[in-house]
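> Compact mmCIF, C-alpha atoms, file model01.txt:
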```txt
# COMPACT_ATOMS: atom_id res chain seq x y z
CA MET A 679 -177.25 84.44 103.07
CA ASN A 680 -175.66 87.88 102.73
CA LYS A 681 -172.26 88.61 101.24
CA GLU A 682 -170.66 89.33 104.62
CA ILE A 683 -171.57 85.88 105.95
CA ILE A 684 -170.32 84.23 102.76
CA LEU A 685 -167.06 86.16 102.97
CA ASN A 686 -166.55 85.28 106.63
CA LYS A 687 -167.24 81.64 105.87
CA GLU A 688 -164.69 81.63 103.06
CA ILE A 689 -162.12 83.29 105.32
CA GLU A 690 -162.66 80.72 108.07
CA HIS A 691 -162.49 77.90 105.52
CA ALA A 692 -159.15 79.14 104.19
CA TYR A 693 -157.84 79.77 107.70
CA ALA A 694 -158.74 76.27 108.88
CA TYR A 695 -156.89 74.57 106.04
CA LYS A 696 -153.86 76.83 106.41
CA PHE A 697 -153.77 76.17 110.15
CA ILE A 698 -153.95 72.39 109.71
CA LEU A 699 -151.32 72.23 106.97
CA THR A 700 -148.99 74.65 108.75
CA PHE A 701 -149.33 72.95 112.12
CA PHE A 702 -148.73 69.50 110.66
CA GLY A 703 -145.72 70.77 108.71
CA ILE A 704 -144.22 72.41 111.78
CA SER A 705 -144.83 69.37 113.98
CA PHE A 706 -143.30 67.02 111.40
CA VAL A 707 -140.21 69.18 110.91
CA TYR A 708 -139.91 69.61 114.69
CA ALA A 709 -140.06 65.84 115.21
CA ILE A 710 -137.35 65.30 112.59
CA LEU A 711 -135.14 67.96 114.14
CA ARG A 712 -135.54 66.63 117.67
CA TYR A 713 -135.26 62.92 117.06
CA VAL A 714 -133.23 62.59 113.86
CA VAL A 715 -131.07 65.71 113.43
CA PHE A 716 -130.25 66.19 117.11
CA GLY A 717 -131.31 62.78 118.40
CA LEU A 718 -130.14 59.30 117.54
CA GLU A 719 -133.05 58.05 115.45
CA PRO A 720 -132.05 56.94 111.93
CA LEU A 721 -133.76 58.24 108.81
CA ALA A 722 -135.40 54.83 108.42
CA HIS A 723 -137.71 55.62 111.36
CA ILE A 724 -139.21 58.75 109.80
CA PRO A 725 -142.14 56.96 108.04
CA LEU A 726 -143.62 55.53 111.25
CA PHE A 727 -141.92 56.48 114.52
CA ILE A 728 -141.33 60.15 113.65
CA MET A 729 -144.50 60.57 111.60
CA ASN A 730 -146.49 59.15 114.50
CA LYS A 731 -145.35 61.94 116.79
CA ALA A 732 -146.32 64.60 114.25
CA LEU A 733 -149.73 63.00 113.68
CA SER A 734 -150.42 62.82 117.41
CA TRP A 735 -149.56 66.47 118.06
CA SER A 736 -151.20 67.94 114.96
CA GLY A 737 -154.23 65.66 115.28
CA LEU A 738 -154.86 66.91 118.80
CA ALA A 739 -154.48 70.50 117.62
CA THR A 740 -156.90 69.94 114.74
CA ILE A 741 -159.50 68.45 117.07
CA GLY A 742 -159.06 71.55 119.21
CA LEU A 743 -159.46 73.75 116.14
CA SER A 744 -162.79 72.10 115.32
CA LYS A 745 -164.05 73.27 118.70
CA VAL A 746 -163.36 76.97 118.13
CA LEU A 747 -164.54 77.39 114.54
CA CYS A 748 -167.85 79.18 113.99
CA TYR A 749 -169.31 77.57 110.89
CA SER A 750 -170.70 74.06 111.03
CA LYS A 751 -169.19 72.85 107.75
CA GLU A 752 -165.70 74.07 108.64
CA ARG A 753 -166.05 72.66 112.15
CA LYS A 754 -167.06 69.29 110.74
CA THR A 755 -164.22 69.29 108.20
CA ALA A 756 -161.61 70.10 110.83
CA GLY A 757 -163.05 67.45 113.12
CA LEU A 758 -162.90 64.81 110.40
CA ILE A 759 -159.32 65.69 109.49
CA GLY A 760 -158.34 65.60 113.16
CA ALA A 761 -160.06 62.24 113.57
CA PHE A 762 -158.21 60.94 110.49
CA MET A 763 -154.87 62.02 111.98
CA ILE A 764 -155.65 60.46 115.34
CA GLY A 765 -156.81 57.31 113.55
CA MET A 766 -153.48 57.06 111.74
CA HIS A 767 -151.69 57.71 115.04
CA THR A 768 -153.63 54.86 116.65
CA VAL A 769 -152.82 52.35 113.91
CA ILE A 770 -149.13 53.29 113.84
CA SER A 771 -148.96 53.15 117.64
CA LEU A 772 -150.33 49.60 117.60
CA ILE A 773 -147.58 48.65 115.15
CA ILE A 774 -144.72 50.15 117.15
CA LEU A 775 -146.06 49.45 120.64
CA ARG A 776 -143.16 47.23 121.63
CA PRO A 777 -140.15 47.47 123.98
CA GLU A 778 -137.77 48.12 121.10
CA TYR A 779 -139.49 51.45 120.43
CA LEU A 780 -140.99 52.41 123.81
CA VAL A 781 -138.79 50.77 126.40
CA LYS A 782 -139.75 53.15 129.24
CA PHE A 783 -143.34 51.86 129.16
CA TYR A 784 -142.26 48.30 129.94
CA ASN A 785 -141.11 47.00 133.31
CA GLN A 786 -137.47 46.23 133.89
CA THR A 787 -138.14 42.72 135.19
CA ASP A 788 -138.82 40.97 131.92
CA GLY A 789 -139.30 43.88 129.53
CA MET A 790 -142.50 42.30 128.23
CA ARG A 791 -145.28 43.68 130.44
CA MET A 792 -146.22 47.36 130.46
CA THR A 793 -145.83 49.59 133.50
CA GLY A 794 -148.80 51.11 135.29
CA ALA A 795 -148.14 54.49 133.69
CA GLY A 796 -147.91 52.89 130.27
CA GLU A 797 -151.21 51.05 130.65
CA THR A 798 -152.96 54.14 132.02
CA ALA A 799 -151.66 56.21 129.11
CA ILE A 800 -153.09 53.68 126.68
CA LEU A 801 -156.40 53.68 128.58
CA PHE A 802 -156.86 57.43 128.18
CA GLY A 803 -155.83 57.16 124.56
CA VAL A 804 -158.58 54.60 124.01
CA LEU A 805 -161.12 56.75 125.88
CA GLY A 806 -160.25 59.70 123.67
CA LEU A 807 -160.58 57.51 120.59
CA MET A 808 -164.04 56.36 121.71
CA CYS A 809 -165.13 59.98 122.10
CA ILE A 810 -163.86 60.73 118.59
CA THR A 811 -165.88 57.76 117.34
CA CYS A 812 -169.00 59.27 118.91
CA LEU A 813 -168.25 62.60 117.23
CA LEU A 814 -167.86 60.88 113.88
CA TRP A 815 -171.11 59.00 114.40
CA ASN A 816 -172.93 62.23 115.12
CA SER A 817 -171.51 63.84 111.98
CA ILE A 818 -173.33 61.36 109.71
CA PRO A 819 -176.25 63.25 108.10
CA SER A 820 -178.72 60.38 108.51
CA ILE A 821 -177.91 60.18 112.22
CA ASN A 822 -178.45 63.90 112.59
CA ALA A 823 -181.78 63.59 110.82
CA ALA A 824 -182.84 60.70 113.03
CA GLN A 825 -182.05 62.81 116.07
CA ASN A 826 -184.13 65.68 114.69
CA SER A 827 -181.00 67.73 114.30
CA ASP A 828 -180.52 70.42 111.70
CA GLY A 829 -176.90 69.33 111.28
CA ALA A 830 -175.55 72.58 112.65
CA THR A 831 -173.50 70.91 115.36
CA ASN A 832 -171.39 68.15 113.88
CA ILE A 833 -168.80 68.24 116.60
CA PHE A 834 -170.21 68.43 120.13
CA PRO A 835 -168.15 71.07 121.99
CA LYS A 836 -168.40 69.29 125.34
CA LEU A 837 -167.33 65.96 123.87
CA SER A 838 -164.48 67.72 122.09
CA ASN A 839 -163.36 68.94 125.50
CA VAL A 840 -163.39 65.36 126.75
CA VAL A 841 -161.19 64.36 123.80
CA LEU A 842 -158.77 67.17 124.60
CA LEU A 843 -158.74 66.23 128.29
CA CYS A 844 -158.07 62.57 127.51
CA GLY A 845 -155.37 63.62 125.08
CA ALA A 846 -153.74 65.87 127.67
CA ILE A 847 -153.69 63.06 130.25
CA HIS A 848 -152.48 60.58 127.63
CA VAL A 849 -149.44 62.63 126.61
CA THR A 850 -148.72 63.57 130.23
CA LEU A 851 -148.40 59.93 131.21
CA MET A 852 -146.37 59.26 128.08
CA GLY A 853 -143.67 61.81 128.78
CA TRP A 854 -144.01 63.80 132.01
CA SER A 855 -140.86 62.25 133.49
CA ASP A 856 -138.76 64.24 131.00
CA TRP A 857 -140.65 67.52 131.19
CA PHE A 858 -138.94 68.91 134.25
CA GLU A 859 -135.46 67.63 133.49
CA PRO A 860 -134.04 69.97 130.83
CA SER A 861 -130.76 68.11 131.16
CA ASN A 862 -132.49 65.18 129.47
CA TRP A 863 -133.20 67.42 126.49
CA ALA A 864 -129.48 67.85 125.76
CA LYS A 865 -129.31 64.86 123.42
CA PHE A 866 -132.26 66.30 121.50
CA GLY A 867 -130.79 69.74 120.90
CA TYR A 868 -132.50 71.06 124.04
CA LEU A 869 -135.82 70.99 122.21
CA PRO A 870 -138.77 70.37 124.57
CA PRO A 871 -140.49 66.97 124.34
CA ILE A 872 -143.39 66.74 121.90
CA SER A 873 -145.50 65.25 124.68
CA MET A 874 -145.11 68.51 126.62
CA LEU A 875 -145.98 70.62 123.59
CA SER A 876 -148.98 68.39 122.90
CA PHE A 877 -150.15 68.85 126.48
CA LEU A 878 -149.88 72.63 126.21
CA THR A 879 -151.75 72.54 122.90
CA ALA A 880 -154.58 70.45 124.34
CA VAL A 881 -154.90 72.59 127.46
CA THR A 882 -154.90 75.80 125.40
CA PHE A 883 -157.81 74.63 123.27
CA LEU A 884 -159.53 73.09 126.28
CA PHE A 885 -159.89 76.48 127.95
CA MET A 886 -160.73 78.40 124.80
CA PRO A 887 -164.40 79.42 124.55
CA THR A 888 -166.61 77.69 122.01
CA PRO A 889 -168.39 80.13 119.69
CA LYS A 890 -172.02 79.69 118.75
CA THR A 891 -172.26 77.47 115.69
CA THR A 892 -173.45 79.08 112.47
CA THR A 893 -174.68 77.13 109.47
```
Translate the structure of the given file into structure tokens.

Amino acid sequence: MNKEIILNKEIEHAYAYKFILTFFGISFVYAILRYVVFGLEPLAHIPLFIMNKALSWSGLATIGLSKVLCYSKERKTAGLIGAFMIGMHTVISLIILRPEYLVKFYNQTDGMRMTGAGETAILFGVLGLMCITCLLWNSIPSINAAQNSDGATNIFPKLSNVVLLCGAIHVTLMGWSDWFEPSNWAKFGYLPPISMLSFLTAVTFLFMPTPKTTT
């Protein structure tokens, strides 16, 4: 391995970590600004409700990042971090999936059963999670060896696209009703919904070309 390849690999490694940390930091601060500073959420909801929004957005972005990195190790690392974020998002969502937190996803008749949009959003979230599980399974060295793989592709680009597509549909169903009503943003400091920003993030990575993987 020549010095140029080593240098490029180190640069990509540093870039990936900086991107992930910066994106998560920005998404977390943005969520606090929108829902706590300008919104009506109390500080007590930062550990779960607010953190969950940051994990969802940054996790989707990190999965997208894993698709566009060149080196297999960096691609795998980004994919694992993204999967970890989405995993945390899933667990937290199961905890707060109740009318008290997400009233718009429950019907107005009894407030106990979810609406069609709510159930469909959850469905695509689960589909995306299953795809991430497949990606994680493929990243196990022994599985790669059993499949006669050299381990160069730890995150399948096409399956990553499916994750991004499911994520885009998931967040669309979660918040599209507020996307085209800027007047609804007034109580949040006119900051766009995180669901909209997550959709744009997923679509951006979805249409970005996947470079050839290098070991």
> Between A:Thr892, A:Ser736, A:Thr793, A:Thr798, which one has atoms that come closest to Thr879 of chain A, using all atoms listed in the file?
A:Ser736
> Could you work out an axis-aligned box for segment 734-751 of chain A, taking every atom the file lists and adding 3 Å on each side, and report centre and edge lengths in Å to one decimal, as lines of an AutoDock Vina configuration file?

```
center_x = -160.1
center_y = 71.0
center_z = 113.5
size_x = 27.1
size_y = 22.4
size_z = 17.5
```
> Taking the point (-162.4, 77.6, 112.6) as given in the file, collect each protein or nucleic acid residue that comes within 10 Å of it, counting all atoms listed in the file, and present the set as a count of residues only.
26
> Using only C-alpha atoms, can you tell me which of A:Phe727, A:Phe877, A:Phe885, A:Phe716 comes closest to Trp863 of chain A?
A:Phe716
> Please list as a VMD selection string every residue within 8 Å of Ala709 of chain A, counting all atoms listed in the file and excluding residues in the same chain fewer than 2 positions away.
chain A and resid 705 to 707 711 to 714 728 to 729 731 to 732 872
> So how far away is atom CA of Phe762 of chain A from atom CA of Ser817 of chain A, in Å?
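Here the two named atoms are 13.7 Å from each other.
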> Could you please determine the separation between atom CA of Thr811 of chain A and atom CA of His723 of chain A in Å, to one decimal place?
28.9 Å
> Take atom CA of Thr888 of chain A and atom CA of Cys809 of chain A and report the distance between them in Å, one decimal.
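A separation of 17.8 Å between them.
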> Using all atoms listed in the file, which residues sit within 8 Å of Met763 of chain A once same-chain residues fewer than 2 positions away are excluded, as a PDB file with C-alpha atoms, in the coordinates of the input?

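And here is the file that came out, around05.pdb:
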```pdb
ATOM      1  CA  LEU A 733    -149.730  63.000 113.680  1.00  0.00           C
ATOM      2  CA  SER A 734    -150.420  62.820 117.410  1.00  0.00           C
ATOM      3  CA  SER A 736    -151.200  67.940 114.960  1.00  0.00           C
ATOM      4  CA  GLY A 737    -154.230  65.660 115.280  1.00  0.00           C
ATOM      5  CA  ILE A 759    -159.320  65.690 109.490  1.00  0.00           C
ATOM      6  CA  GLY A 760    -158.340  65.600 113.160  1.00  0.00           C
ATOM      7  CA  ALA A 761    -160.060  62.240 113.570  1.00  0.00           C
ATOM      8  CA  GLY A 765    -156.810  57.310 113.550  1.00  0.00           C
ATOM      9  CA  MET A 766    -153.480  57.060 111.740  1.00  0.00           C
ATOM     10  CA  HIS A 767    -151.690  57.710 115.040  1.00  0.00           C
TER      11      HIS A 767
END
```
> Restricting the calculation to all atoms listed in the file, which member of A:His848, A:Lys890, A:Lys696, A:Lys865 is positioned closest to Gly803 of chain A?
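Once distances to Gly803 of chain A are computed over all atoms listed in the file, the minimum belongs to A:His848.
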> Can you list, as a PyMOL selection string, every protein, DNA or RNA residue that comes within 12 Å of Val804 of chain A when you count all atoms listed in the file, leaving out same-chain residues fewer than 2 positions away?
chain A and resi 764-765+767-769+771-772+797-802+806-811+841+844-845+847-848
> Which of these residues is nearest to Leu843 of chain A, using all atoms listed in the file: A:Tyr708, A:Tyr784, A:Phe883, A:Trp735?
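Between A:Tyr708, A:Tyr784, A:Phe883, A:Trp735, the residue approaching Leu843 of chain A most closely is A:Phe883.
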